[in-house]
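Asks: Let me begin by handing over the structure; questions about it come next.
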Amino acid sequence: MNIRIPKGTQDILPEDISKWYFVENKIREVLIKYGYQEIRTPIFEHTELFVRGIGESTDIVTKEMFTFLDRKGRSLTLRPEGTAPVVRSYLENKMSRVYPVLKLFYLGPMFRCEKPQAGRFRQFHQFGIEVIGTKSPEVDAEVIIASIEVYKKLGLKNLEVLINSVGCKKCRAIYIQKLKEFIKDKIDFLCLECKNRYSKNPLRILDCKKDSCQKIIKKTPIITEYLCQDCQQHFAEVKSYLDILGIKYFVEPRLVRGLDYYTKTAFEIISGELGAQNAIGGGGRYDDLVEELGGDPTPAVGFAAGIERMIIVMNQQNVEWPKNRGLDIFVAKVKGINKDIAFKLLQKVRSAGLSADMDYSSKSLKSQMRLAHKIDVKYTVIIGEEELAKNMVTLRNMKTKEQKEVKIDNLIDELTLCINNV
Ligand SMILES: [Zn+2]
Ligand SMILES: [Zn+2]
């Protein structure tokens with residue numbers, strides 16, 4: 001029996017890897033420019049971190065985590081998101097001592113046991129940014145602007161920013177009361193999931209995409225009318241900073257995020273191309289999370305986006321991907337030439353900074369050339385007996401098929417020149 005790949009996962013094959021390099025490099029380039037530093041946390045953490053950090057009643061914690069016991073019976077979970085691990089590391093490494101305001105980003109695989117569908121995998125990749133230690137509304141705006149710049153640098157178009165404030169503990173409690181009062185006599189019309197949410201996490205009802213629930217959601221009171229003075233002012237300032245930099249946005253007063261820890265600003269970046277689940281990234285402020293995970297009260301704001309979904313949208317928008325660079329040089333030899341000579345020459349080419357390879361099996365020159373074509377080499381160095389006697393080799397341009405003899409002493413200079421002109 002052949003062993004197949006687990007459900008909801010995918011191999012990223014060599015022919016696609018240059019797309020990933022491109023996306024990852026752009027993310028790093030933009031975020032470093034904005035003053036963010038990369039952090040890499042473990043793939044798995046203690047389960048408790050996510051239960052406390054994401055919220056006991058969230059979909060992620062109740063049904064989507066890959067949780068397992070280690071050999072000593074401790075419960076571990078493959079990270080379903082990046083924020084709780086970053087905050088855990090922030091506290092554990094006492095980073096606030098060095099950085100009163102810490103700006104971090106991460107990039108890597110996340111795991112959620114969801115029903116696989118277009119653009120949704122059980123192992124998927126996210127990049128995210130977190131700013132810990134400031135409540136300044138400029139920073140909320142900066143997080144939005146930096147994420148948009150990443151998308152723009154990747155060549156994405158037709159993006160929209162939806163923004164809302166979900167208030168703080170105080171004013172949200174009042175709103176949730178109003179929301180429950182409004183829904184109370186309509187509860188029978190809600191879907192099964194929302195009936196559950198009504199008592200556990202009523203705000204999440206606003207997130208339901210089902211038609212029956214949408215009919216009710218459209219008429220619910222909106223949170224922005226219940227914000228306290230502080231939340232109102234913060235929201236107004238975030239919007240004004242976006243205005244100052246000319247970032248277009250739409251206030252979506254029923255926008256809530258899937259995780260419990262959000263406060264004040266919540267936002268999503270959407271693309272028309274992804275259909276119903278059209279968000280390609282989102283984030284918001286989480287002023288209560290650091291305290292929730294055992295630290296001093298510390299305001300923070302962040303953003304995260306799934307890379308697979310970004311790549312899907314890039315393909316749909318026909319973004320031009322950078323070409324696979326291929327191999328610069330192939331070293332081939334005719335029969336009878338000592339292998340050592342070719343092997344040494346190959347290493348000399350690599351030492352000069354060019355990518356190079358050869359066929360280690362002792363095949364005919366013809367089959368070596370076939371391989372060179374197959375792997376898309378730019379130039380082939382052919383070592384022949386007569387040429388070698390003159391301390392020369394043949395250099396073949398694989399595209400134009402032009403050939404010339406080159407002195408071995410000048411070969412590296414010649415190759416470097418050729419490759420720089422490709
Ligand atoms: Zn408030
Ligand atoms: Zn529903």
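All residue names refer to the structure tokens as shown: chains lettered A, B, ... in order, residues numbered from 1 in each chain, ligands numbered from 1 in order.
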Please identify all protein, DNA and RNA residues within 6 Å of ligand 1, counting only C-alpha atoms and all ligand atoms, and report them as JSON, numbers by chain.
Replies: {"A": [167, 168, 170, 171, 227, 228, 230, 231]}
Asks: Next, the residues of the selection above should be written as a PDB file, in the first residue's frame with N, CA and C atoms.
Replies:
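Writing done, so here's result.pdb:
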```pdb
ATOM      1  N   GLY A 167     -14.668  47.542  20.938  1.00  0.00           N
ATOM      2  CA  GLY A 167     -14.758  48.087  22.291  1.00  0.00           C
ATOM      3  C   GLY A 167     -13.822  47.413  23.285  1.00  0.00           C
ATOM      4  N   CYS A 168     -13.983  47.800  24.532  1.00  0.00           N
ATOM      5  CA  CYS A 168     -13.162  47.194  25.591  1.00  0.00           C
ATOM      6  C   CYS A 168     -14.083  46.328  26.452  1.00  0.00           C
ATOM      7  N   LYS A 170     -15.400  46.819  29.221  1.00  0.00           N
ATOM      8  CA  LYS A 170     -16.519  47.560  29.814  1.00  0.00           C
ATOM      9  C   LYS A 170     -17.655  47.789  28.825  1.00  0.00           C
ATOM     10  N   CYS A 171     -17.333  48.482  27.714  1.00  0.00           N
ATOM     11  CA  CYS A 171     -18.424  48.860  26.820  1.00  0.00           C
ATOM     12  C   CYS A 171     -18.933  47.666  26.010  1.00  0.00           C
ATOM     13  N   LEU A 227     -19.850  52.277  22.187  1.00  0.00           N
ATOM     14  CA  LEU A 227     -18.460  52.417  22.627  1.00  0.00           C
ATOM     15  C   LEU A 227     -18.350  53.460  23.730  1.00  0.00           C
ATOM     16  N   CYS A 228     -17.479  53.197  24.704  1.00  0.00           N
ATOM     17  CA  CYS A 228     -17.240  54.186  25.741  1.00  0.00           C
ATOM     18  C   CYS A 228     -16.395  55.326  25.152  1.00  0.00           C
ATOM     19  N   ASP A 230     -13.414  56.417  25.741  1.00  0.00           N
ATOM     20  CA  ASP A 230     -12.038  56.046  25.416  1.00  0.00           C
ATOM     21  C   ASP A 230     -11.985  55.251  24.099  1.00  0.00           C
ATOM     22  N   CYS A 231     -12.872  54.273  23.953  1.00  0.00           N
ATOM     23  CA  CYS A 231     -12.873  53.436  22.745  1.00  0.00           C
ATOM     24  C   CYS A 231     -13.285  54.261  21.525  1.00  0.00           C
TER      25      CYS A 231
END
```
Asks: Segment 361-363 of chain A: which residues within 12 Å, counting only C-alpha atoms, same-chain residues fewer than 2 positions away excluded, as a list in words?
Replies: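 Answer for this query is Ala332, Lys333, Val334, Lys335, Gly336, Ile337, Asn338, Lys339, Ala342, Met358, Asp359, Leu365, Lys366, Ser367, Gln368, Met369, Arg370 and Leu371 of chain A.
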Asks: Mind writing the picked residues with N, CA, C and O atoms as a PDB file, in the first residue's frame?
Replies:
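To be explicit, this is the file written out as again02.pdb:
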```pdb
ATOM      1  N   ALA A 332      30.226  19.106 -18.424  1.00  0.00           N
ATOM      2  CA  ALA A 332      30.102  17.821 -19.119  1.00  0.00           C
ATOM      3  C   ALA A 332      31.470  17.405 -19.633  1.00  0.00           C
ATOM      4  O   ALA A 332      32.352  18.244 -19.827  1.00  0.00           O
ATOM      5  N   LYS A 333      31.624  16.131 -19.844  1.00  0.00           N
ATOM      6  CA  LYS A 333      32.927  15.674 -20.358  1.00  0.00           C
ATOM      7  C   LYS A 333      32.717  14.537 -21.352  1.00  0.00           C
ATOM      8  O   LYS A 333      31.731  13.791 -21.269  1.00  0.00           O
ATOM      9  N   VAL A 334      33.664  14.425 -22.292  1.00  0.00           N
ATOM     10  CA  VAL A 334      33.566  13.305 -23.231  1.00  0.00           C
ATOM     11  C   VAL A 334      34.131  12.069 -22.531  1.00  0.00           C
ATOM     12  O   VAL A 334      34.865  12.161 -21.548  1.00  0.00           O
ATOM     13  N   LYS A 335      33.779  10.905 -23.079  1.00  0.00           N
ATOM     14  CA  LYS A 335      34.290   9.643 -22.497  1.00  0.00           C
ATOM     15  C   LYS A 335      35.809   9.656 -22.513  1.00  0.00           C
ATOM     16  O   LYS A 335      36.425  10.209 -23.404  1.00  0.00           O
ATOM     17  N   GLY A 336      36.392   9.073 -21.520  1.00  0.00           N
ATOM     18  CA  GLY A 336      37.854   8.956 -21.512  1.00  0.00           C
ATOM     19  C   GLY A 336      38.533  10.043 -20.695  1.00  0.00           C
ATOM     20  O   GLY A 336      39.659   9.884 -20.256  1.00  0.00           O
ATOM     21  N   ILE A 337      37.843  11.144 -20.489  1.00  0.00           N
ATOM     22  CA  ILE A 337      38.419  12.197 -19.639  1.00  0.00           C
ATOM     23  C   ILE A 337      38.273  11.767 -18.181  1.00  0.00           C
ATOM     24  O   ILE A 337      37.206  11.295 -17.782  1.00  0.00           O
ATOM     25  N   ASN A 338      39.324  11.935 -17.448  1.00  0.00           N
ATOM     26  CA  ASN A 338      39.302  11.568 -16.034  1.00  0.00           C
ATOM     27  C   ASN A 338      38.218  12.362 -15.286  1.00  0.00           C
ATOM     28  O   ASN A 338      38.137  13.574 -15.393  1.00  0.00           O
ATOM     29  N   LYS A 339      37.411  11.633 -14.510  1.00  0.00           N
ATOM     30  CA  LYS A 339      36.319  12.263 -13.758  1.00  0.00           C
ATOM     31  C   LYS A 339      36.835  13.354 -12.808  1.00  0.00           C
ATOM     32  O   LYS A 339      36.169  14.358 -12.579  1.00  0.00           O
ATOM     33  N   ALA A 342      36.867  16.906 -14.178  1.00  0.00           N
ATOM     34  CA  ALA A 342      35.545  17.543 -14.236  1.00  0.00           C
ATOM     35  C   ALA A 342      35.072  17.931 -12.831  1.00  0.00           C
ATOM     36  O   ALA A 342      34.542  19.022 -12.616  1.00  0.00           O
ATOM     37  N   MET A 358      26.901  18.654 -12.369  1.00  0.00           N
ATOM     38  CA  MET A 358      27.327  17.756 -13.435  1.00  0.00           C
ATOM     39  C   MET A 358      26.591  16.435 -13.279  1.00  0.00           C
ATOM     40  O   MET A 358      25.870  16.239 -12.300  1.00  0.00           O
ATOM     41  N   ASP A 359      26.745  15.571 -14.269  1.00  0.00           N
ATOM     42  CA  ASP A 359      26.121  14.251 -14.219  1.00  0.00           C
ATOM     43  C   ASP A 359      27.162  13.266 -13.697  1.00  0.00           C
ATOM     44  O   ASP A 359      28.162  13.021 -14.351  1.00  0.00           O
ATOM     45  N   LEU A 365      28.252  11.815 -23.707  1.00  0.00           N
ATOM     46  CA  LEU A 365      28.133  13.275 -23.756  1.00  0.00           C
ATOM     47  C   LEU A 365      26.716  13.674 -24.161  1.00  0.00           C
ATOM     48  O   LEU A 365      26.149  14.626 -23.629  1.00  0.00           O
ATOM     49  N   LYS A 366      26.156  12.889 -25.085  1.00  0.00           N
ATOM     50  CA  LYS A 366      24.808  13.191 -25.563  1.00  0.00           C
ATOM     51  C   LYS A 366      23.799  13.181 -24.414  1.00  0.00           C
ATOM     52  O   LYS A 366      22.960  14.080 -24.298  1.00  0.00           O
ATOM     53  N   SER A 367      23.904  12.163 -23.573  1.00  0.00           N
ATOM     54  CA  SER A 367      22.916  12.082 -22.495  1.00  0.00           C
ATOM     55  C   SER A 367      23.200  13.141 -21.416  1.00  0.00           C
ATOM     56  O   SER A 367      22.280  13.630 -20.766  1.00  0.00           O
ATOM     57  N   GLN A 368      24.468  13.516 -21.266  1.00  0.00           N
ATOM     58  CA  GLN A 368      24.781  14.622 -20.335  1.00  0.00           C
ATOM     59  C   GLN A 368      24.146  15.923 -20.833  1.00  0.00           C
ATOM     60  O   GLN A 368      23.612  16.716 -20.060  1.00  0.00           O
ATOM     61  N   MET A 369      24.219  16.135 -22.149  1.00  0.00           N
ATOM     62  CA  MET A 369      23.645  17.363 -22.725  1.00  0.00           C
ATOM     63  C   MET A 369      22.113  17.361 -22.578  1.00  0.00           C
ATOM     64  O   MET A 369      21.504  18.407 -22.373  1.00  0.00           O
ATOM     65  N   ARG A 370      21.531  16.163 -22.718  1.00  0.00           N
ATOM     66  CA  ARG A 370      20.072  16.075 -22.541  1.00  0.00           C
ATOM     67  C   ARG A 370      19.682  16.508 -21.125  1.00  0.00           C
ATOM     68  O   ARG A 370      18.738  17.255 -20.932  1.00  0.00           O
ATOM     69  N   LEU A 371      20.458  16.052 -20.163  1.00  0.00           N
ATOM     70  CA  LEU A 371      20.181  16.418 -18.769  1.00  0.00           C
ATOM     71  C   LEU A 371      20.336  17.932 -18.569  1.00  0.00           C
ATOM     72  O   LEU A 371      19.502  18.584 -17.923  1.00  0.00           O
TER      73      LEU A 371
END
```
Asks: Can you tell me, as a PyMOL selection string, what residues are no more than 12 Å from segment 141-143 of chain A when counting only C-alpha atoms, ignoring any on the same chain fewer than 2 positions away?
Replies: chain A and resi 30-31+34-36+103-105+128-132+135-139+145-150+161+163+234-249+265-269+281-285+300-304
Asks: Using only C-alpha atoms, which protein or nucleic acid residues come within 7 Å of Thr298 of chain A? Drop anything in the same chain fewer than 4 positions from it, and give the result as an MDAnalysis selection string.
Replies: chainID A and resid 133 287 290:291
Asks: I need the chosen residues saved as a CSV table (one decimal), in the first residue's frame, with all heavy atoms.
Replies:
```csv
chain,number,residue,atom,x,y,z
A,133,GLY,N,3.0,46.7,23.8
A,133,GLY,CA,3.5,47.7,24.7
A,133,GLY,C,3.0,49.1,24.4
A,133,GLY,O,3.5,50.1,25.0
A,287,ASP,N,-5.7,44.3,23.9
A,287,ASP,CA,-5.1,44.9,25.1
A,287,ASP,C,-5.2,44.0,26.3
A,287,ASP,O,-4.5,44.3,27.3
A,287,ASP,CB,-5.8,46.2,25.3
A,287,ASP,CG,-5.4,47.3,24.3
A,287,ASP,OD1,-4.4,47.1,23.6
A,287,ASP,OD2,-6.1,48.3,24.2
A,290,VAL,N,-2.0,40.0,27.1
A,290,VAL,CA,-0.8,39.8,27.9
A,290,VAL,C,-1.1,39.5,29.3
A,290,VAL,O,-0.5,38.6,30.0
A,290,VAL,CB,0.1,41.1,27.7
A,290,VAL,CG1,1.4,40.9,28.5
A,290,VAL,CG2,0.5,41.3,26.2
A,291,GLU,N,-2.1,40.3,29.8
A,291,GLU,CA,-2.5,40.1,31.2
A,291,GLU,C,-3.1,38.7,31.4
A,291,GLU,O,-2.9,38.0,32.4
A,291,GLU,CB,-3.5,41.2,31.6
A,291,GLU,CG,-3.7,41.2,33.1
A,291,GLU,CD,-4.8,42.3,33.5
A,291,GLU,OE1,-5.3,42.9,32.5
A,291,GLU,OE2,-5.0,42.5,34.7
```
Asks: Need to verify the contact set: Thr9 of chain A, 6 Å, only C-alpha atoms, exclusion of same-chain residues closer than 6 positions in sequence. Can you return it as a PyMOL selection string?
Replies: chain A and resi 121-123
Asks: Mind running chain A against ligand 2 at 7 Å and telling me each contacting residue's nearest atom pair with the distance in Å (one decimal), counting only C-alpha atoms and all ligand atoms, chain and number ascending, as a tab-separated table?
Replies:
```
residue	atom	partner	partner_atom_place_in_ligand_line	distance
A:Leu190	CA	ligand 2	1 (Zn)	5.4
A:Cys191	CA	ligand 2	1 (Zn)	4.3
A:Leu192	CA	ligand 2	1 (Zn)	6.8
A:Glu193	CA	ligand 2	1 (Zn)	5.8
A:Cys194	CA	ligand 2	1 (Zn)	4.3
A:Ile205	CA	ligand 2	1 (Zn)	6.0
A:Cys208	CA	ligand 2	1 (Zn)	4.6
A:Lys209	CA	ligand 2	1 (Zn)	6.7
A:Lys210	CA	ligand 2	1 (Zn)	5.5
A:Cys213	CA	ligand 2	1 (Zn)	4.7
```
Asks: Set the distance at 10 Å and use only C-alpha atoms: which residues neighbour Met314 of chain A once local chain neighbours fewer than 4 positions away are removed? I'd like the list as a VMD selection string.
Replies: chain A and resid 151 154 to 157 273 308 to 310 318 to 321
Asks: Keeping only all heavy atoms, write the selected residues as a tab-separated table (two decimals), in the first residue's frame.
Replies:
```
chain	number	residue	atom	x	y	z
A	151	TYR	N	0.96	43.34	0.67
A	151	TYR	CA	0.11	42.90	-0.44
A	151	TYR	C	0.45	43.63	-1.74
A	151	TYR	O	0.50	43.04	-2.81
A	151	TYR	CB	-1.37	43.14	-0.12
A	151	TYR	CG	-1.91	42.26	0.99
A	151	TYR	CD1	-2.57	42.81	2.07
A	151	TYR	CD2	-1.75	40.88	0.94
A	151	TYR	CE1	-3.07	42.01	3.09
A	151	TYR	CE2	-2.25	40.07	1.94
A	151	TYR	CZ	-2.90	40.63	3.01
A	151	TYR	OH	-3.38	39.83	4.00
A	154	LEU	N	3.50	42.48	-3.38
A	154	LEU	CA	3.31	41.18	-4.01
A	154	LEU	C	2.52	41.31	-5.32
A	154	LEU	O	2.32	40.34	-6.03
A	154	LEU	CB	2.55	40.23	-3.06
A	154	LEU	CG	3.33	39.80	-1.82
A	154	LEU	CD1	2.43	38.99	-0.88
A	154	LEU	CD2	4.54	38.98	-2.21
A	155	GLY	N	2.06	42.52	-5.60
A	155	GLY	CA	1.34	42.76	-6.85
A	155	GLY	C	-0.15	42.58	-6.76
A	155	GLY	O	-0.85	42.54	-7.77
A	156	LEU	N	-0.70	42.48	-5.54
A	156	LEU	CA	-2.15	42.30	-5.40
A	156	LEU	C	-2.90	43.61	-5.60
A	156	LEU	O	-2.42	44.67	-5.23
A	156	LEU	CB	-2.46	41.73	-4.02
A	156	LEU	CG	-2.12	40.26	-3.87
A	156	LEU	CD1	-2.09	39.84	-2.41
A	156	LEU	CD2	-3.15	39.42	-4.62
A	157	LYS	N	-4.08	43.47	-6.22
A	157	LYS	CA	-4.90	44.65	-6.48
A	157	LYS	C	-6.31	44.44	-5.90
A	157	LYS	O	-6.62	43.37	-5.41
A	157	LYS	CB	-5.00	44.88	-7.99
A	157	LYS	CG	-3.66	45.19	-8.64
A	157	LYS	CD	-3.77	45.31	-10.15
A	157	LYS	CE	-4.04	44.00	-10.83
A	157	LYS	NZ	-2.88	43.18	-11.15
A	273	GLU	N	-11.86	38.28	-5.01
A	273	GLU	CA	-11.64	37.02	-5.72
A	273	GLU	C	-11.91	35.75	-4.91
A	273	GLU	O	-12.05	34.69	-5.47
A	273	GLU	CB	-10.20	36.95	-6.25
A	273	GLU	CG	-10.03	37.49	-7.65
A	273	GLU	CD	-9.78	38.99	-7.65
A	273	GLU	OE1	-9.76	39.60	-6.55
A	273	GLU	OE2	-9.63	39.55	-8.74
A	308	GLU	N	-1.14	30.67	1.80
A	308	GLU	CA	-1.76	29.91	0.70
A	308	GLU	C	-2.87	30.72	0.05
A	308	GLU	O	-2.99	30.75	-1.18
A	308	GLU	CB	-2.34	28.59	1.22
A	308	GLU	CG	-1.32	27.48	1.46
A	308	GLU	CD	-0.62	27.60	2.80
A	308	GLU	OE1	-0.87	28.60	3.52
A	308	GLU	OE2	0.20	26.72	3.12
A	309	ARG	N	-3.67	31.37	0.87
A	309	ARG	CA	-4.79	32.15	0.30
A	309	ARG	C	-4.27	33.35	-0.47
A	309	ARG	O	-4.84	33.74	-1.49
A	309	ARG	CB	-5.75	32.59	1.41
A	309	ARG	CG	-6.31	31.39	2.15
A	309	ARG	CD	-7.30	31.81	3.19
A	309	ARG	NE	-8.60	32.04	2.59
A	309	ARG	CZ	-9.65	32.51	3.26
A	309	ARG	NH1	-9.53	32.84	4.52
A	309	ARG	NH2	-10.80	32.68	2.65
A	310	MET	N	-3.18	33.94	0.01
A	310	MET	CA	-2.59	35.06	-0.73
A	310	MET	C	-2.11	34.58	-2.10
A	310	MET	O	-2.33	35.25	-3.11
A	310	MET	CB	-1.39	35.63	0.04
A	310	MET	CG	-1.81	36.51	1.21
A	310	MET	SD	-0.48	36.74	2.42
A	310	MET	CE	0.80	37.41	1.41
A	318	ASN	N	-3.51	37.03	-11.82
A	318	ASN	CA	-2.43	36.91	-12.80
A	318	ASN	C	-1.20	37.74	-12.46
A	318	ASN	O	-0.61	38.38	-13.33
A	318	ASN	CB	-2.93	37.29	-14.20
A	318	ASN	CG	-3.97	36.32	-14.68
A	318	ASN	OD1	-3.82	35.11	-14.50
A	318	ASN	ND2	-5.05	36.85	-15.25
A	319	VAL	N	-0.83	37.72	-11.22
A	319	VAL	CA	0.40	38.40	-10.82
A	319	VAL	C	1.57	37.69	-11.49
A	319	VAL	O	1.59	36.46	-11.58
A	319	VAL	CB	0.56	38.34	-9.27
A	319	VAL	CG1	1.96	38.75	-8.85
A	319	VAL	CG2	-0.48	39.22	-8.61
A	320	GLU	N	2.51	38.47	-12.00
A	320	GLU	CA	3.64	37.84	-12.68
A	320	GLU	C	4.65	37.33	-11.66
A	320	GLU	O	5.24	38.11	-10.91
A	320	GLU	CB	4.30	38.85	-13.62
A	320	GLU	CG	5.10	38.16	-14.69
A	320	GLU	CD	5.65	39.15	-15.69
A	320	GLU	OE1	4.90	40.07	-16.10
A	320	GLU	OE2	6.83	39.01	-16.03
A	321	TRP	N	4.83	36.03	-11.65
A	321	TRP	CA	5.77	35.43	-10.71
A	321	TRP	C	7.18	35.56	-11.25
A	321	TRP	O	7.41	35.48	-12.45
A	321	TRP	CB	5.45	33.95	-10.51
A	321	TRP	CG	4.18	33.70	-9.79
A	321	TRP	CD1	2.99	33.32	-10.35
A	321	TRP	CD2	3.94	33.83	-8.39
A	321	TRP	NE1	2.03	33.19	-9.38
A	321	TRP	CE2	2.58	33.49	-8.17
A	321	TRP	CE3	4.73	34.19	-7.30
A	321	TRP	CZ2	2.02	33.51	-6.89
A	321	TRP	CZ3	4.16	34.20	-6.05
A	321	TRP	CH2	2.81	33.86	-5.84
```
Asks: Just how far from atom CA of Thr134 of chain A is atom CA of Met95 of chain A, in Å to one decimal?
Replies: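 Spanning atom CA of Met95 of chain A to atom CA of Thr134 of chain A is a straight-line distance of 13.9 Å.
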Asks: Which parts of segment 195-329 of chain A does DSSP call strand (DSSP E) when run on the backbone here, written out as a list of chain:residue names?
Replies: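 Selection result, strand (DSSP E) within segment 195-329 of chain A: A:Phe250, A:Val251, A:Thr263, A:Lys264, A:Thr265, A:Ala266, A:Phe267, A:Glu268, A:Ile269, A:Ile270, A:Ser271, A:Ala279, A:Ile280, A:Gly281, A:Gly282, A:Gly283, A:Gly284, A:Arg285, A:Ala300, A:Val301, A:Gly302, A:Phe303, A:Ala304, A:Ala305, A:Gly306, A:Leu327, A:Asp328, A:Ile329.
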Asks: So what do you get for atom CA of Ile383 of chain A versus atom CA of Leu417 of chain A, distance-wise?
Replies: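 Distance between the two atoms: 19.7 Å.
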Asks: Of the candidates A:Lys264, A:Arg350, A:Lys7, A:Arg74, which shows the shortest atom-to-atom distance to Lys169 of chain A, using only C-alpha atoms?
Replies: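 Closest residue, counting only C-alpha atoms: A:Lys264.
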Asks: A:Val251, A:Met110, A:Leu395, A:Val86: which is nearest Leu289 of chain A, counting only C-alpha atoms?
Replies: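 Residue with the minimum atom-to-atom distance to Leu289 of chain A: A:Val86.
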Asks: Contacts of Thr58 of chain A at 12 Å or less, counting only C-alpha atoms, minus same-chain residues fewer than 3 places along, as a ChimeraX atom specification?
Replies: /A:50-55,61-65,80,193,196-197,200-205,257-261
Asks: Can you spit out the residues from that selection as a CSV table (one decimal), in the first residue's frame, using N, CA and C atoms?
Replies:
```
chain,number,residue,atom,x,y,z
A,50,PHE,N,-3.1,28.0,24.4
A,50,PHE,CA,-4.1,28.4,23.4
A,50,PHE,C,-5.5,28.4,24.0
A,51,VAL,N,-5.8,27.5,25.0
A,51,VAL,CA,-7.1,27.6,25.6
A,51,VAL,C,-7.3,28.9,26.3
A,52,ARG,N,-6.2,29.4,27.0
A,52,ARG,CA,-6.3,30.7,27.7
A,52,ARG,C,-6.2,31.8,26.7
A,53,GLY,N,-5.3,31.7,25.8
A,53,GLY,CA,-5.0,32.8,24.9
A,53,GLY,C,-6.0,33.0,23.8
A,54,ILE,N,-6.6,32.0,23.3
A,54,ILE,CA,-7.6,32.1,22.2
A,54,ILE,C,-9.0,32.2,22.7
A,55,GLY,N,-9.2,31.5,23.8
A,55,GLY,CA,-10.6,31.5,24.4
A,55,GLY,C,-11.2,30.1,24.3
A,61,VAL,N,-10.4,26.5,19.6
A,61,VAL,CA,-10.1,25.6,20.8
A,61,VAL,C,-11.1,24.5,20.9
A,62,THR,N,-12.4,24.7,20.6
A,62,THR,CA,-13.4,23.6,20.8
A,62,THR,C,-13.3,22.5,19.8
A,63,LYS,N,-12.9,22.8,18.5
A,63,LYS,CA,-12.9,21.7,17.5
A,63,LYS,C,-11.8,21.7,16.5
A,64,GLU,N,-10.9,22.7,16.5
A,64,GLU,CA,-9.9,22.7,15.4
A,64,GLU,C,-8.4,22.4,15.8
A,65,MET,N,-8.2,22.2,17.1
A,65,MET,CA,-6.8,22.0,17.5
A,65,MET,C,-6.3,20.6,17.3
A,80,PRO,N,-2.2,26.7,16.4
A,80,PRO,CA,-3.2,27.0,15.4
A,80,PRO,C,-3.1,28.5,15.0
A,193,GLU,N,-25.4,26.3,15.4
A,193,GLU,CA,-24.1,26.8,16.0
A,193,GLU,C,-24.4,28.2,16.7
A,196,ASN,N,-25.9,28.0,20.1
A,196,ASN,CA,-24.9,27.7,21.1
A,196,ASN,C,-24.1,29.0,21.5
A,197,ARG,N,-23.8,29.7,20.4
A,197,ARG,CA,-23.0,31.0,20.6
A,197,ARG,C,-23.8,31.9,21.5
A,200,LYS,N,-22.7,31.3,25.0
A,200,LYS,CA,-21.3,31.2,25.2
A,200,LYS,C,-20.5,32.4,24.7
A,201,ASN,N,-20.8,32.9,23.5
A,201,ASN,CA,-20.0,33.9,22.8
A,201,ASN,C,-20.9,34.6,21.8
A,202,PRO,N,-21.8,35.4,22.3
A,202,PRO,CA,-22.9,36.0,21.4
A,202,PRO,C,-22.3,36.9,20.3
A,203,LEU,N,-21.1,37.5,20.5
A,203,LEU,CA,-20.6,38.4,19.5
A,203,LEU,C,-20.2,37.6,18.2
A,204,ARG,N,-19.9,36.4,18.4
A,204,ARG,CA,-19.5,35.6,17.2
A,204,ARG,C,-20.7,35.3,16.3
A,205,ILE,N,-21.9,35.5,16.8
A,205,ILE,CA,-23.1,35.3,15.9
A,205,ILE,C,-23.0,36.3,14.7
A,257,ARG,N,-13.9,39.5,15.1
A,257,ARG,CA,-12.8,38.5,14.8
A,257,ARG,C,-13.1,37.2,15.5
A,258,GLY,N,-12.6,36.1,14.9
A,258,GLY,CA,-12.8,34.8,15.4
A,258,GLY,C,-12.3,34.5,16.8
A,259,LEU,N,-11.3,35.4,17.3
A,259,LEU,CA,-10.7,35.1,18.5
A,259,LEU,C,-11.2,36.0,19.6
A,260,ASP,N,-11.2,35.5,20.9
A,260,ASP,CA,-11.8,36.2,22.0
A,260,ASP,C,-11.0,37.4,22.4
A,261,TYR,N,-9.7,37.4,22.1
A,261,TYR,CA,-8.9,38.4,22.8
A,261,TYR,C,-8.9,39.8,22.2
```
Asks: Of the candidates A:Asn420, A:Gln232, A:Gly119, A:Lys407, which shows the shortest atom-to-atom distance to Asn278 of chain A, using only C-alpha atoms?
Replies: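 Distance minimum relative to Asn278 of chain A lands on A:Gly119.
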Asks: Select, from A:Asn397, A:Ser89, A:Ser57, A:Gln233, the residue with the minimum atom-to-atom distance to Ala372 of chain A, counting only C-alpha atoms.
Replies: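 Closest candidate: A:Asn397.
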Asks: Among the residues of segment 203-254 of chain A, find those DSSP assigns to helix (DSSP H, G or I) from the backbone and print them as an MDAnalysis selection string.
Replies: chainID A and resid 203:207 211:217 223:225 229:244
Asks: Would you save the residues from that selection as a CSV table (one decimal), in the first residue's frame, using C-alpha atoms?
Replies:
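This is the output file selection29.csv:
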```csv
chain,number,residue,atom,x,y,z
A,203,LEU,CA,-20.6,38.4,19.5
A,204,ARG,CA,-19.5,35.6,17.2
A,205,ILE,CA,-23.1,35.3,15.9
A,206,LEU,CA,-22.3,38.4,13.9
A,207,ASP,CA,-19.7,36.4,12.1
A,211,ASP,CA,-28.6,33.2,5.3
A,212,SER,CA,-31.0,32.5,8.1
A,213,CYS,CA,-28.7,34.2,10.6
A,214,GLN,CA,-27.7,37.0,8.2
A,215,LYS,CA,-31.3,38.1,8.1
A,216,ILE,CA,-31.2,38.7,11.8
A,217,ILE,CA,-27.7,40.0,12.0
A,223,ILE,CA,-21.4,48.1,18.6
A,224,THR,CA,-20.0,51.4,17.5
A,225,GLU,CA,-23.1,53.1,19.1
A,229,GLN,CA,-15.5,57.6,25.5
A,230,ASP,CA,-12.0,56.0,25.4
A,231,CYS,CA,-12.9,53.4,22.7
A,232,GLN,CA,-14.7,56.0,20.6
A,233,GLN,CA,-11.8,58.4,20.7
A,234,HIS,CA,-9.3,55.6,19.9
A,235,PHE,CA,-11.4,54.5,16.9
A,236,ALA,CA,-11.7,58.0,15.6
A,237,GLU,CA,-7.9,58.5,15.8
A,238,VAL,CA,-7.1,55.2,14.1
A,239,LYS,CA,-9.4,56.3,11.2
A,240,SER,CA,-7.8,59.8,11.1
A,241,TYR,CA,-4.3,58.3,10.8
A,242,LEU,CA,-5.5,56.1,7.9
A,243,ASP,CA,-7.0,59.3,6.3
A,244,ILE,CA,-3.7,61.2,6.7
```
